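Next comes entry_7.tsv, with TSV, C-alpha atoms.
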chain	number	residue	atom	x	y	z
A	66	MET	CA	-74.43	25.75	-136.47
A	67	PRO	CA	-70.74	26.13	-137.27
A	68	LEU	CA	-68.98	28.73	-135.21
A	69	HIS	CA	-67.44	31.40	-137.34
A	70	LYS	CA	-64.29	33.12	-136.34
A	71	VAL	CA	-64.31	36.85	-136.01
A	72	SER	CA	-61.46	39.19	-135.37
A	73	ILE	CA	-61.84	42.23	-133.19
A	74	ARG	CA	-59.55	44.86	-131.76
A	75	ILE	CA	-59.23	45.23	-128.01
A	76	ASP	CA	-57.27	48.29	-126.91
A	77	GLY	CA	-55.65	48.33	-130.33
A	78	GLU	CA	-54.57	44.67	-130.35
A	79	TYR	CA	-56.03	42.22	-132.83
A	80	VAL	CA	-57.74	39.31	-131.12
A	81	GLU	CA	-59.39	36.24	-132.64
A	82	ALA	CA	-62.74	35.22	-131.22
A	83	ARG	CA	-65.59	32.84	-131.88
A	84	GLU	CA	-68.89	34.27	-133.00
A	85	GLY	CA	-71.30	34.43	-130.08
A	86	GLN	CA	-68.66	35.06	-127.43
A	87	THR	CA	-69.09	38.15	-125.32
A	88	ILE	CA	-66.61	41.01	-125.27
A	89	LEU	CA	-65.81	40.16	-121.64
A	90	GLU	CA	-64.96	36.53	-122.41
A	91	VAL	CA	-62.72	37.48	-125.31
A	92	ALA	CA	-61.03	40.30	-123.39
A	93	ARG	CA	-60.35	38.11	-120.37
A	94	ALA	CA	-58.99	35.33	-122.57
A	95	ALA	CA	-56.65	37.92	-124.09
A	96	GLY	CA	-55.42	38.84	-120.62
A	97	LYS	CA	-57.28	42.15	-120.37
A	98	TYR	CA	-58.74	43.25	-117.07
A	99	ILE	CA	-62.35	44.41	-116.98
A	100	PRO	CA	-63.84	44.83	-113.50
A	101	THR	CA	-67.10	42.94	-112.80
A	102	LEU	CA	-69.38	42.27	-109.84
A	103	CYS	CA	-72.52	40.56	-111.16
A	104	TYR	CA	-70.67	38.38	-113.68
A	105	LEU	CA	-70.09	34.81	-112.58
A	106	ALA	CA	-68.43	32.33	-114.91
A	107	GLY	CA	-70.68	29.36	-115.55
A	108	VAL	CA	-74.02	31.10	-115.18
A	109	SER	CA	-75.79	33.39	-117.60
A	110	PRO	CA	-74.75	37.05	-117.58
A	111	SER	CA	-77.29	39.60	-116.41
A	112	GLY	CA	-75.71	43.00	-116.99
A	113	ALA	CA	-76.90	44.22	-113.60
A	114	CYS	CA	-73.87	45.93	-112.10
A	115	ARG	CA	-72.65	48.00	-115.08
A	116	LEU	CA	-69.05	47.79	-113.89
A	117	CYS	CA	-67.92	45.98	-117.03
A	118	VAL	CA	-68.92	48.78	-119.40
A	119	VAL	CA	-66.56	49.30	-122.34
A	120	GLU	CA	-66.32	51.74	-125.20
A	121	VAL	CA	-67.00	50.39	-128.67
A	122	SER	CA	-65.98	52.73	-131.45
A	123	GLY	CA	-68.92	53.87	-133.50
A	124	VAL	CA	-71.33	53.34	-130.60
A	125	GLY	CA	-72.32	56.48	-128.74
A	126	ARG	CA	-73.04	54.88	-125.41
A	127	LEU	CA	-71.07	52.53	-123.18
A	128	LEU	CA	-71.91	48.85	-123.56
A	129	PRO	CA	-71.82	46.18	-120.85
A	130	SER	CA	-69.13	43.77	-122.03
A	131	CYS	CA	-70.67	40.77	-120.23
A	132	THR	CA	-73.82	40.80	-122.36
A	133	THR	CA	-72.54	42.27	-125.63
A	134	ALA	CA	-71.55	39.73	-128.27
A	135	VAL	CA	-68.47	40.33	-130.37
A	136	GLN	CA	-68.90	41.36	-133.99
A	137	ASP	CA	-66.34	41.15	-136.75
A	138	GLY	CA	-64.27	44.31	-137.01
A	139	MET	CA	-65.34	45.64	-133.62
A	140	SER	CA	-62.92	47.97	-131.87
A	141	VAL	CA	-63.18	47.91	-128.08
A	142	THR	CA	-61.57	50.09	-125.43
A	143	THR	CA	-61.51	48.44	-122.01
A	144	ASN	CA	-59.87	51.20	-120.05
A	145	SER	CA	-60.03	54.96	-120.29
A	146	GLU	CA	-60.47	57.98	-118.08
A	147	LYS	CA	-64.19	58.07	-118.94
A	148	LEU	CA	-64.67	54.37	-118.14
A	149	ALA	CA	-62.80	54.70	-114.85
A	150	ARG	CA	-65.06	57.61	-113.91
A	151	TYR	CA	-68.23	55.69	-114.79
A	152	ARG	CA	-67.10	52.59	-112.92
A	153	ARG	CA	-66.26	54.58	-109.81
A	154	MET	CA	-69.69	56.21	-110.00
A	155	VAL	CA	-71.37	52.81	-110.22
A	156	LEU	CA	-69.60	51.78	-107.03
A	157	GLU	CA	-70.52	55.03	-105.30
A	158	PHE	CA	-74.21	54.43	-106.09
A	159	LEU	CA	-73.98	50.85	-104.84
A	160	LEU	CA	-72.40	52.05	-101.61
A	161	THR	CA	-75.04	54.72	-100.97
A	162	GLU	CA	-78.01	52.53	-101.94
A	163	ARG	CA	-77.88	50.34	-98.84
A	164	ASN	CA	-76.07	50.12	-95.52
A	165	HIS	CA	-72.59	48.89	-96.31
A	166	TYR	CA	-70.73	49.20	-93.02
A	167	CYS	CA	-67.56	47.24	-93.63
A	168	SER	CA	-66.27	47.39	-90.06
A	169	VAL	CA	-69.21	45.37	-88.72
A	170	CYS	CA	-69.70	43.13	-91.76
A	171	VAL	CA	-68.91	39.43	-91.75
A	172	SER	CA	-67.33	39.77	-95.19
A	173	ASN	CA	-64.93	42.55	-94.18
A	174	GLY	CA	-61.71	41.81	-96.03
A	175	HIS	CA	-63.26	39.15	-98.29
A	176	CYS	CA	-65.85	41.35	-99.94
A	177	GLU	CA	-65.81	41.88	-103.69
A	178	LEU	CA	-67.58	45.23	-103.40
A	179	GLN	CA	-65.05	46.43	-100.84
A	180	SER	CA	-62.01	45.22	-102.75
A	181	MET	CA	-63.40	46.57	-106.01
A	182	ALA	CA	-63.89	50.00	-104.42
A	183	ALA	CA	-60.30	49.90	-103.18
A	184	LYS	CA	-59.01	48.72	-106.54
A	185	LEU	CA	-60.83	51.35	-108.60
A	186	GLY	CA	-59.88	54.13	-106.20
A	187	VAL	CA	-63.23	54.94	-104.60
A	188	THR	CA	-61.86	56.81	-101.62
A	189	HIS	CA	-65.05	58.61	-100.74
A	190	VAL	CA	-68.68	58.88	-101.83
A	191	ARG	CA	-70.02	62.15	-103.20
A	192	TYR	CA	-73.71	61.34	-102.77
A	193	PRO	CA	-75.83	61.25	-99.63
A	194	TYR	CA	-76.37	57.82	-98.09
A	195	THR	CA	-79.99	56.62	-98.21
A	196	TYR	CA	-79.93	54.56	-94.97
A	197	PRO	CA	-82.89	52.32	-95.88
A	198	ALA	CA	-84.48	50.34	-93.03
A	199	LEU	CA	-83.94	46.77	-94.21
A	200	PRO	CA	-84.55	43.44	-92.49
A	201	VAL	CA	-82.11	40.63	-91.79
A	202	ASP	CA	-83.48	37.13	-92.40
A	203	VAL	CA	-82.05	34.67	-89.88
A	204	SER	CA	-84.79	32.06	-90.27
A	205	HIS	CA	-82.60	29.56	-92.11
A	206	PRO	CA	-80.82	27.16	-89.74
A	207	ARG	CA	-77.43	27.50	-91.43
A	208	PHE	CA	-77.37	30.72	-93.38
A	209	VAL	CA	-78.24	34.36	-92.93
A	210	LEU	CA	-79.53	36.91	-95.44
A	211	ASP	CA	-78.70	40.53	-94.68
A	212	HIS	CA	-80.55	42.83	-97.11
A	213	ASN	CA	-78.41	45.73	-95.95
A	214	ARG	CA	-75.38	44.29	-97.77
A	215	CYS	CA	-77.19	43.11	-100.89
A	216	ILE	CA	-76.20	44.80	-104.17
A	217	LEU	CA	-78.89	42.98	-106.21
A	218	CYS	CA	-76.32	41.40	-108.51
A	219	THR	CA	-78.60	38.33	-108.81
A	220	ARG	CA	-75.68	35.91	-108.71
A	221	CYS	CA	-77.50	33.88	-106.06
A	222	VAL	CA	-80.69	33.91	-108.16
A	223	ARG	CA	-78.88	32.57	-111.22
A	224	VAL	CA	-76.75	30.03	-109.36
A	225	CYS	CA	-79.78	28.65	-107.56
A	226	ASP	CA	-81.77	28.45	-110.78
A	227	GLU	CA	-79.15	27.34	-113.28
A	228	VAL	CA	-76.74	25.22	-111.25
A	229	GLU	CA	-78.78	23.91	-108.32
A	230	GLY	CA	-82.08	23.97	-110.22
A	231	ALA	CA	-84.11	25.06	-107.19
A	232	HIS	CA	-84.82	28.71	-108.07
A	233	VAL	CA	-85.52	29.68	-104.47
A	234	TRP	CA	-84.47	33.29	-105.06
A	235	ASP	CA	-85.73	36.05	-107.26
A	236	ILE	CA	-85.92	39.82	-107.28
A	237	ALA	CA	-89.24	41.27	-106.21
A	238	SER	CA	-90.53	44.73	-107.04
A	239	ARG	CA	-88.44	47.17	-109.07
A	240	GLY	CA	-86.27	50.23	-108.90
A	241	ILE	CA	-85.09	51.37	-105.50
A	242	ARG	CA	-87.60	49.00	-103.85
A	243	SER	CA	-86.12	45.88	-105.43
A	244	MET	CA	-85.51	43.15	-102.90
A	245	LEU	CA	-84.17	39.64	-102.94
A	246	VAL	CA	-87.01	37.29	-101.96
A	247	SER	CA	-87.29	33.58	-101.42
A	248	GLU	CA	-90.43	31.96	-102.80
A	249	LEU	CA	-93.52	34.14	-102.15
A	250	ASN	CA	-91.61	36.57	-99.95
A	251	LYS	CA	-91.48	34.00	-97.18
A	252	PRO	CA	-88.74	33.70	-94.60
A	253	TRP	CA	-85.85	31.70	-96.07
A	254	GLY	CA	-86.14	29.06	-93.37
A	255	GLU	CA	-89.72	28.27	-94.43
A	256	SER	CA	-88.79	27.76	-98.05
A	257	LYS	CA	-89.66	24.27	-99.26
A	258	SER	CA	-87.64	24.47	-102.45
A	259	CYS	CA	-84.34	25.38	-100.75
A	260	THR	CA	-81.95	22.44	-100.61
A	261	SER	CA	-79.59	24.25	-98.21
A	262	CYS	CA	-76.76	23.59	-100.66
A	263	GLY	CA	-75.11	26.93	-99.87
A	264	LYS	CA	-74.23	27.80	-103.48
A	265	CYS	CA	-75.93	31.18	-103.15
A	266	VAL	CA	-73.74	31.95	-100.14
A	267	GLN	CA	-70.60	31.04	-102.04
A	268	ALA	CA	-71.74	33.05	-105.06
A	269	CYS	CA	-72.59	36.19	-103.08
A	270	PRO	CA	-69.94	38.88	-103.62
A	271	THR	CA	-70.73	40.72	-100.38
A	272	GLY	CA	-71.83	39.87	-96.85
A	273	ALA	CA	-75.50	39.68	-97.86
A	274	LEU	CA	-75.49	35.89	-97.77
A	275	ALA	CA	-73.28	34.27	-95.15
A	276	GLU	CA	-72.88	31.23	-92.96
A	277	LYS	CA	-74.48	31.64	-89.56
A	278	GLY	CA	-72.15	32.02	-86.63
A	279	TRP	CA	-69.00	32.31	-88.68
A	280	ALA	CA	-66.40	34.86	-87.75
A	281	VAL	CA	-65.03	37.36	-90.23
A	282	GLU	CA	-61.79	35.42	-90.70
A	283	GLU	CA	-63.67	32.19	-91.47
A	284	MET	CA	-66.23	33.64	-93.85
A	285	THR	CA	-64.21	33.31	-97.02
A	286	LYS	CA	-66.10	32.34	-100.14
A	287	SER	CA	-65.13	30.44	-103.23
A	288	HIS	CA	-67.28	30.86	-106.30
A	289	GLU	CA	-64.64	29.18	-108.47
A	290	ASN	CA	-66.06	25.82	-107.40
A	291	ILE	CA	-69.50	26.84	-108.64
A	292	SER	CA	-68.08	27.90	-111.99
A	293	ARG	CA	-66.21	24.61	-112.25
A	294	LEU	CA	-69.35	22.66	-111.42
A	295	ALA	CA	-71.39	24.60	-113.95
A	296	VAL	CA	-68.84	24.04	-116.68
A	297	LYS	CA	-68.67	20.31	-115.86
A	298	ARG	CA	-72.41	20.05	-116.23
A	299	GLY	CA	-72.15	21.84	-119.53
A	300	VAL	CA	-74.38	24.68	-118.44
A	301	ARG	CA	-72.21	27.23	-120.17
A	302	VAL	CA	-68.56	27.70	-120.99
B	28	MET	CA	-114.94	26.57	-100.90
B	29	PRO	CA	-114.26	29.22	-103.54
B	30	MET	CA	-110.75	27.87	-104.04
B	31	LEU	CA	-112.13	24.93	-106.01
B	32	GLN	CA	-113.74	27.24	-108.55
B	33	GLU	CA	-110.49	29.14	-108.94
B	34	GLN	CA	-108.63	25.91	-109.46
B	35	GLU	CA	-110.89	24.85	-112.26
B	36	TYR	CA	-110.55	28.25	-113.89
B	37	VAL	CA	-106.77	28.20	-113.56
B	38	ASP	CA	-106.63	24.67	-114.99
B	39	ARG	CA	-108.64	25.80	-117.98
B	40	LEU	CA	-106.44	28.89	-118.54
B	41	VAL	CA	-103.21	26.94	-118.21
B	42	ALA	CA	-104.47	24.41	-120.75
B	43	GLU	CA	-105.57	27.21	-123.06
B	44	TYR	CA	-102.21	28.99	-122.98
B	45	GLN	CA	-100.04	25.87	-122.87
B	46	GLY	CA	-96.59	26.40	-124.32
B	47	ARG	CA	-97.14	30.05	-125.13
B	48	PRO	CA	-94.24	32.12	-123.76
B	49	GLY	CA	-95.33	35.05	-121.65
B	50	SER	CA	-98.65	33.41	-120.82
B	51	LEU	CA	-98.08	33.84	-117.09
B	52	LEU	CA	-98.98	37.53	-117.32
B	53	THR	CA	-102.24	36.85	-119.14
B	54	ILE	CA	-103.19	34.07	-116.76
B	55	LEU	CA	-102.45	36.18	-113.69
B	56	GLU	CA	-104.42	39.06	-115.14
B	57	ARG	CA	-107.47	36.96	-115.95
B	58	VAL	CA	-107.47	35.19	-112.61
B	59	GLN	CA	-107.20	38.51	-110.77
B	60	GLU	CA	-110.00	40.04	-112.85
B	61	ARG	CA	-112.33	37.21	-111.80
B	62	ALA	CA	-111.33	37.03	-108.15
B	63	SER	CA	-113.49	38.73	-105.56
B	64	GLY	CA	-111.53	41.65	-104.16
B	65	LYS	CA	-109.61	41.82	-107.46
B	66	TYR	CA	-106.43	40.41	-106.00
B	67	LEU	CA	-104.15	37.41	-106.15
B	68	SER	CA	-103.96	35.53	-102.87
B	69	ALA	CA	-100.90	33.52	-101.87
B	70	GLU	CA	-102.91	30.29	-102.32
B	71	VAL	CA	-103.89	31.20	-105.87
B	72	LEU	CA	-100.31	32.16	-106.72
B	73	GLU	CA	-99.03	28.89	-105.31
B	74	TYR	CA	-101.58	26.96	-107.33
B	75	ILE	CA	-100.75	28.80	-110.55
B	76	ALA	CA	-97.01	28.28	-109.99
B	77	ALA	CA	-97.48	24.57	-109.36
B	78	LYS	CA	-99.79	24.19	-112.34
B	79	MET	CA	-97.43	26.03	-114.69
B	80	ASN	CA	-94.37	24.36	-113.22
B	81	LEU	CA	-92.78	27.71	-112.39
B	82	PRO	CA	-90.71	28.61	-109.33
B	83	LEU	CA	-92.71	30.49	-106.70
B	84	SER	CA	-90.09	33.21	-106.50
B	85	GLN	CA	-90.37	33.86	-110.22
B	86	VAL	CA	-94.15	34.24	-110.00
B	87	HIS	CA	-93.71	36.58	-107.04
B	88	SER	CA	-91.15	38.57	-108.98
B	89	VAL	CA	-93.57	39.08	-111.88
B	90	VAL	CA	-96.50	39.94	-109.62
B	91	THR	CA	-94.54	42.56	-107.69
B	92	PHE	CA	-92.91	44.05	-110.79
B	93	TYR	CA	-96.16	45.07	-112.48
B	94	ALA	CA	-98.29	47.65	-110.70
B	95	LEU	CA	-101.50	46.16	-112.09
B	96	PHE	CA	-101.35	43.11	-109.82
B	97	ASN	CA	-102.73	43.36	-106.30
B	98	LEU	CA	-101.59	41.16	-103.45
B	99	GLU	CA	-104.19	42.60	-101.06
B	100	PRO	CA	-108.00	42.59	-101.45
B	101	GLN	CA	-109.15	45.78	-103.16
B	102	GLY	CA	-112.10	47.98	-102.19
B	103	GLU	CA	-115.33	48.13	-104.19
B	104	ASN	CA	-114.41	51.58	-105.47
B	105	THR	CA	-110.96	52.60	-106.57
B	106	ILE	CA	-109.92	56.22	-106.33
B	107	CYS	CA	-106.67	56.96	-108.05
B	108	VAL	CA	-105.00	60.32	-107.42
B	109	CYS	CA	-102.43	61.54	-109.90
B	110	ARG	CA	-99.15	62.53	-108.26
B	111	GLY	CA	-97.42	63.64	-111.44
B	112	THR	CA	-95.61	66.96	-111.61
B	113	ALA	CA	-98.45	68.94	-113.20
B	114	CYS	CA	-101.03	67.61	-110.74
B	115	HIS	CA	-98.62	68.13	-107.86
B	116	THR	CA	-98.24	71.82	-108.68
B	117	ARG	CA	-102.03	72.10	-108.87
B	118	GLY	CA	-102.40	70.69	-105.38
B	119	SER	CA	-102.80	66.93	-105.70
B	120	ARG	CA	-100.98	66.32	-102.43
B	121	ALA	CA	-103.64	68.28	-100.55
B	122	LEU	CA	-106.32	66.29	-102.40
B	123	LEU	CA	-104.71	63.03	-101.42
B	124	GLU	CA	-104.37	64.09	-97.79
B	125	ARG	CA	-108.02	65.24	-97.80
B	126	LEU	CA	-109.08	61.92	-99.31
B	127	LYS	CA	-107.23	59.98	-96.62
B	128	LEU	CA	-108.84	62.09	-93.89
B	129	GLU	CA	-112.27	61.78	-95.51
B	130	LEU	CA	-112.09	58.00	-95.68
B	131	GLY	CA	-110.30	57.72	-92.37
B	132	VAL	CA	-107.37	55.64	-93.55
B	133	VAL	CA	-103.93	55.72	-92.02
B	134	ASP	CA	-100.97	55.56	-94.35
B	135	HIS	CA	-98.17	53.53	-92.83
B	136	SER	CA	-96.01	53.71	-95.91
B	137	GLU	CA	-95.15	57.37	-95.45
B	138	GLU	CA	-91.98	56.75	-93.53
B	139	ALA	CA	-90.88	54.32	-96.23
B	140	ASP	CA	-91.17	57.17	-98.74
B	141	ALA	CA	-93.50	55.16	-100.95
B	142	ALA	CA	-95.54	58.21	-101.91
B	143	ASP	CA	-95.41	57.43	-105.61
B	144	LYS	CA	-96.89	53.96	-105.31
B	145	LEU	CA	-99.59	54.02	-102.73
B	146	SER	CA	-102.40	51.52	-102.33
B	147	ILE	CA	-104.52	51.56	-99.20
B	148	THR	CA	-107.95	50.12	-98.64
B	149	THR	CA	-110.47	51.22	-96.04
B	150	PRO	CA	-111.19	48.60	-93.35
B	151	ASP	CA	-114.78	48.18	-94.64
B	152	ARG	CA	-113.39	47.41	-98.14
B	153	LYS	CA	-115.50	50.16	-99.69
B	154	PHE	CA	-112.66	52.25	-101.07
B	155	THR	CA	-109.12	51.78	-102.24
B	156	ILE	CA	-106.91	54.82	-102.61
B	157	ARG	CA	-104.09	54.61	-105.09
B	158	THR	CA	-101.64	57.00	-106.62
B	159	VAL	CA	-100.21	57.07	-110.11
B	160	ALA	CA	-97.29	58.97	-111.64
B	161	CYS	CA	-99.25	60.47	-114.55
B	162	PHE	CA	-102.48	59.85	-116.48
B	163	GLY	CA	-101.29	61.88	-119.45
B	164	GLN	CA	-104.11	64.35	-118.83
B	165	CYS	CA	-101.96	67.14	-117.42
B	166	ALA	CA	-104.12	69.88	-118.99
B	167	LEU	CA	-106.89	68.74	-116.64
B	168	ALA	CA	-104.67	68.85	-113.54
B	169	PRO	CA	-105.30	67.91	-110.84
B	170	VAL	CA	-106.68	64.61	-112.12
B	171	VAL	CA	-108.43	61.93	-110.10
B	172	GLU	CA	-109.62	58.64	-111.54
B	173	ILE	CA	-112.65	57.12	-109.86
B	174	ASN	CA	-113.61	53.61	-110.95
B	175	HIS	CA	-111.80	54.00	-114.27
B	176	GLN	CA	-113.43	57.34	-115.01
B	177	ILE	CA	-111.24	60.42	-115.29
B	178	PHE	CA	-112.18	63.58	-113.42
B	179	GLY	CA	-110.30	66.77	-114.27
B	180	HIS	CA	-109.80	70.04	-112.35
B	181	VAL	CA	-110.79	68.26	-109.16
B	182	ASN	CA	-111.09	70.24	-105.96
B	183	GLU	CA	-111.82	69.04	-102.46
B	184	ARG	CA	-115.52	69.79	-102.74
B	185	ALA	CA	-115.94	67.89	-106.01
B	186	LEU	CA	-114.03	64.98	-104.56
B	187	ARG	CA	-116.22	64.95	-101.51
B	188	THR	CA	-119.40	64.97	-103.61
B	189	GLU	CA	-118.14	61.97	-105.57
B	190	ILE	CA	-117.27	60.06	-102.42
B	191	ASP	CA	-120.67	60.81	-100.89
B	192	GLU	CA	-122.37	59.59	-104.09
B	193	LEU	CA	-120.38	56.36	-104.01
B	194	SER	CA	-120.98	55.70	-100.31
B	195	LYS	CA	-124.71	56.37	-100.74
B	196	GLY	CA	-124.96	54.30	-103.88
B	197	LYS	CA	-123.94	51.23	-101.95

Written as structure tokens, that's how I'd like the structure from this file.
Amino acid sequence: MPLHKVSIRIDGEYVEAREGQTILEVARAAGKYIPTLCYLAGVSPSGACRLCVVEVSGVGRLLPSCTTAVQDGMSVTTNSEKLARYRRMVLEFLLTERNHYCSVCVSNGHCELQSMAAKLGVTHVRYPYTYPALPVDVSHPRFVLDHNRCILCTRCVRVCDEVEGAHVWDIASRGIRSMLVSELNKPWGESKSCTSCGKCVQACPTGALAEKGWAVEEMTKSHENISRLAVKRGVRV
Amino acid sequence: MPMLQEQEYVDRLVAEYQGRPGSLLTILERVQERASGKYLSAEVLEYIAAKMNLPLSQVHSVVTFYALFNLEPQGENTICVCRGTACHTRGSRALLERLKLELGVVDHSEEADAADKLSITTPDRKFTIRTVACFGQCALAPVVEINHQIFGHVNERALRTEIDELSKGK
């Protein structure tokens, strides 16, 4: 199928795009900044975090730019007072949903949730914290899974499935009870399909997945390598 | 070994639905319907996943997403108490508490605030108590469903009579 060119407007500027590209891809290529958490270049988008919402004129509701394809003549606003308010609210909900205590987290200082909150000006949270009682899975010899820090972005799920091909992870249950599980809700260490490649750890934006025994200063992650690998394998551009 | 029977049945279903997207749901449903205790054991799930060449985690994800699938053996009789708003205002919480006392089951999920999705079975596997958000029969509130039959305007005495009938009938 030949790829048609479409032209859209992003924040008033005319931008050329290929049909089938998402708003996020086109906006980023044009040098626009749209905040994201669940988006990971190289794996399929999921639209889970709702940080990348944009306004499209003629559409009453906000659309997630990572899963919305461009259409000819579309006019997109990537930044406005309303969007900033919505994005801050998304972060507030993420912060209250589980126990995100930065000071005792291995990802303190390297956490995408933390730096995003700082960047978008989330100085405080207006909602009560839920303090769920969540387990920490230390059964894997090399890695640790701390459900308290998980934001259910499913980056690990998609990386494991689409890049590594193991599909160890998935999200069980739904709503507030959603949990990351390996295989049939078994301890990670007992998983037979896990290759211990560590891509999920590198893909994780928070301290939910980390190397065992690493200090805060060491626990830096690099998901750029995963994106590069995925693109090399032709998974997705 | 009942597992062998299950395997044959699963093999047949997988062959029947080969290549049809979304067939996992149908297969899981039919296997559960046939299983004693009306539930999907870990062994059965593992077998289905292997047979359908699906990741275990994906099968688990589907099974836990839909309320119709059970991962624990169910009782012979299912009593489902509506915890929707209308039934709540007409005293369904008291009914549920009464039911738990009557059947002598302890609800461990209370501290986890799982009141809207409860499923507990008596140790003798006679009864399973469940809750549901709404039956769509709010005019009959409070509503209790016993073995797929709807009872409206239920009070504690009526509930007790039904339970006695069911325990005697066994």

Review point. Within 10 Å of chain B, which residues of chain A show up when using all atoms listed in the file, listed as an MDAnalysis selection string?
Key: chainID A and resid 197:198 222 226 230:240 242:251 256 258

Exercise for review: For range 160-167 of chain A, list every protein, DNA or RNA residue within 9 Å, evaluated using all atoms listed in the file, and leave out those in the same chain fewer than 3 positions away; present the list as a count of residues only.
Suggested key: 26

Point to revise | Interatomic distance, CA of Val80 in chain A to CA of Thr132 in chain A (Å, one decimal) | key: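 The value is 18.4 Å.
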
Review point. Which is closer to Gln59 in chain B than all the others in B:Gln164, B:Thr155, B:Asn97, B:Ser119, using all atoms listed in the file?
Key: B:Asn97

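Atom pair CA of Thr105 in chain B / CA of Lys153 in chain B has a distance of 8.6 Å (rounded to one decimal).
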
Check your understanding: Which polymer residues have any atom within 10 Å of an atom of Glu90 in chain A, counting only C-alpha atoms, with same-chain residues fewer than 3 positions away left out, as a ChimeraX atom specification?
Key -> /A:82,86-87,93-97,99,106,130-132,134-135,302

Might you pull out every residue within 10 Å of range 296-298 of chain A, with all atoms listed in the file counted and same-chain residues fewer than 5 positions away left off, and present them as a PDB file with C-alpha atoms, in the frame of the given file?
ATOM      1  CA  ALA A 106     -68.430  32.330-114.910  1.00  0.00           C
ATOM      2  CA  GLY A 107     -70.680  29.360-115.550  1.00  0.00           C
ATOM      3  CA  VAL A 108     -74.020  31.100-115.180  1.00  0.00           C
ATOM      4  CA  VAL A 228     -76.740  25.220-111.250  1.00  0.00           C
ATOM      5  CA  ASN A 290     -66.060  25.820-107.400  1.00  0.00           C
ATOM      6  CA  ILE A 291     -69.500  26.840-108.640  1.00  0.00           C
TER       7      ILE A 291
END

Point to revise | Nearest to Phe178 in chain B, chosen from B:Val37, B:Ile156, B:Gly196, B:Cys107, with all atoms listed in the file counted in the distances | key: B:Cys107

Review point. Just how far from CA of Leu55 in chain B is CA of Asn104 in chain B, in Å to one decimal?
Key: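 If I compute the distance from CA of Asn104 in chain B to CA of Leu55 in chain B, I get 21.2 Å.
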
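Closest to Arg57 in chain B among B:Ile190, B:Leu40, B:Cys114, B:Val71 is B:Leu40, based on only C-alpha atoms.
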
Polymer residues at most 9 Å from range 142-151 of chain A, all atoms listed in the file, same-chain spacing of 3 or more positions, as a CSV table (one decimal) with C-alpha atoms, in the frame of the given file:
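Wrote out37.csv, looks like this:
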chain,number,residue,atom,x,y,z
A,74,ARG,CA,-59.6,44.9,-131.8
A,75,ILE,CA,-59.2,45.2,-128.0
A,76,ASP,CA,-57.3,48.3,-126.9
A,77,GLY,CA,-55.6,48.3,-130.3
A,92,ALA,CA,-61.0,40.3,-123.4
A,97,LYS,CA,-57.3,42.2,-120.4
A,98,TYR,CA,-58.7,43.2,-117.1
A,99,ILE,CA,-62.4,44.4,-117.0
A,115,ARG,CA,-72.6,48.0,-115.1
A,116,LEU,CA,-69.0,47.8,-113.9
A,117,CYS,CA,-67.9,46.0,-117.0
A,118,VAL,CA,-68.9,48.8,-119.4
A,119,VAL,CA,-66.6,49.3,-122.3
A,120,GLU,CA,-66.3,51.7,-125.2
A,121,VAL,CA,-67.0,50.4,-128.7
A,122,SER,CA,-66.0,52.7,-131.4
A,127,LEU,CA,-71.1,52.5,-123.2
A,130,SER,CA,-69.1,43.8,-122.0
A,154,MET,CA,-69.7,56.2,-110.0
A,155,VAL,CA,-71.4,52.8,-110.2
A,156,LEU,CA,-69.6,51.8,-107.0
A,185,LEU,CA,-60.8,51.4,-108.6

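Closest approach to Gln45 in chain B among B:Gln32, B:Thr188, B:Ser146, B:Asn80: B:Asn80, based on all atoms listed in the file.
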